[in-house]
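Okay, structure first, notes after.
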Amino acid sequence: PSLRRSVICHQNIFNILYDKKEKSRKMNSITAFVLLLAMAAKCASLTHSPMQMSASSHNEIRGDRRSFVSQGGTAALSAIGLTAFTPQTAKATALPPTDTKAPQFELPNSQREGTTSLLSLTKSGKWTVLYFYPGAFTQGCTLEARGFQRDIDQYRALGTQIVGVSVDSIEKNAKFCSSEGLDFYMLTDEGGRVSQLYGSSLTVPGFGTFSNRQTYIIDDMGNLRWIFTDVESRVAKHSSEVLEKLRELKTA
């Protein structure tokens, strides 16, 4: 199960680096496939599987993510003659602690109505499910968004709003929301600065910075209450698990 979770999780990188819907990708299918195979081989050494990471395990998990990506990437790119990638250049960021104020942000939204900030979200008096995803129109991200949309009335009944975040452009996020008929919007984190603040950023030199698939529950006072880190292997039931945790936190 741990091996399967790690392989699926790092398909996030593969989905971004080789997305057939985009013409400007920076690697071809052969390169992407070799990279994915190397990552799959490396992930055999990873054994972490908790759905929510405690503060004491943040540094350990961060080290594993950095080691996994850098060593796997090095092996793959070396196999095809691209040796500029080194273990020191792949960077994953640490998760913020729970039960403290969530990192502040202000980002352009897919509604093309200016920006949305954490302050504006909390001023509504609602809780927020802030979910980071690698890329619109990819299989996992589409399935995840559909799950939230399917359960949108349950979130509303709990006084909770859904907001997505990725490094995708405003235009791409807007098209994604429109094509899927979503009743919530996405934020564009160009450059991945907010993703870094939330420990959901993964940077691979030459390929850019991406948002890892992680979900954060923030209460109406702006406190970070829960982090879902093991999302990729549970995408189909992720929304149900978020709802369950929301009910638990709100009745505690």
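To be explicit about the labels: the chains of the structure tokens are called A, B, and onward in the order shown, and within each one the residues are counted from 1, while ligands get numbers from 1 in the order they are shown.
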Show me, as CSV, the residues of region 163-212 of chain A having an atom within 6 Å of region 93-101 of chain A, each with the closest atom pair and its distance in Å, using only C-alpha atoms.
```
residue,atom,partner,partner_atom,distance
A:Gln196,CA,A:Thr93,CA,5.8
A:Tyr198,CA,A:Leu95,CA,5.8
A:Gly199,CA,A:Leu95,CA,4.1
A:Ser201,CA,A:Thr93,CA,5.9
```
Exercise. So which one's closest to Lys250 (chain A), A:Gly164, A:Gly192, A:Gly159, A:Gly125? Using only C-alpha atoms, please.
Worked result: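 Of A:Gly164, A:Gly192, A:Gly159, A:Gly125, the one nearest Lys250 (chain A) is A:Gly159, counting only C-alpha atoms.
Distances here use only C-alpha atoms; by that measure, the residue among A:Ser240, A:Glu232, A:Asp189, A:Gln161 closest to Asp220 (chain A) is A:Gln161.
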Seminar exercise, completed: Phe148 (chain A) proximity check over A:Ala102, A:Leu118, A:Leu187, A:Leu130, using only C-alpha atoms: winner is A:Leu130
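Summary of the local environment: counting only C-alpha atoms, residues at most 12 Å from Lys123 (chain A), other than itself and those fewer than 4 positions away along its chain, are Thr116, Ser117, Leu118, Leu119, Trp127, Thr128, Asp219, Asp220, Met221 and Gly222 of chain A.
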Taking C-alpha atoms for each residue, export the selection above as a PDB file, in the first residue's frame.
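Saved file selection33.pdb follows:
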```pdb
ATOM      1  CA  THR A 116      -9.290  36.695  -3.119  1.00  0.00           C
ATOM      2  CA  SER A 117      -7.499  36.803   0.223  1.00  0.00           C
ATOM      3  CA  LEU A 118      -7.644  34.640   3.315  1.00  0.00           C
ATOM      4  CA  LEU A 119      -8.941  37.696   5.144  1.00  0.00           C
ATOM      5  CA  TRP A 127     -14.842  27.772   7.264  1.00  0.00           C
ATOM      6  CA  THR A 128     -12.671  27.170   4.194  1.00  0.00           C
ATOM      7  CA  ASP A 219     -11.825  27.771  10.446  1.00  0.00           C
ATOM      8  CA  ASP A 220     -13.737  31.051  10.443  1.00  0.00           C
ATOM      9  CA  MET A 221     -11.071  32.666  12.631  1.00  0.00           C
ATOM     10  CA  GLY A 222      -8.302  31.907  10.150  1.00  0.00           C
TER      11      GLY A 222
END
```
Exercise. Using only C-alpha atoms, which of A:Val194, A:Val231, A:Cys141, A:Val129 sits nearest Leu243 (chain A)?
Worked result: A:Val129
Exercise. When you draw a straight line from CA of Val235 (chain A) to CA of Arg146 (chain A), how long is it in Å?
Worked result: 10.1 Å
For this session: Using DSSP on the backbone, list every residue of region 62-241 of chain A that comes out as strand (DSSP E or B), and give them as a ChimeraX atom specification.
Result: /A:91-92,100-101,106-109,115-117,127-132,160-166,185-188,201-204,208-211,214-218,223-228
Problem set entry | Closest of A:Phe184, A:Phe210, A:Phe132, A:Phe137 to Ser110 (chain A) - atom-to-atom distances counting only C-alpha atoms | A:Phe184
For this session: Rounded to one decimal place, report the CA of Thr188 (chain A)-CA of Thr160 (chain A) distance in Å.
Result: 20.6 Å
For this session: Considering only C-alpha atoms, state which residue in the set A:Lys126, A:Asp153, A:Tyr133, A:Ser120 is at the smallest distance from Asn212 (chain A).
Result: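 So, comparing all the options, the nearest one is A:Tyr133.
As for CA of Val167 (chain A) and CA of Glu190 (chain A), they are spaced 5.0 Å apart.
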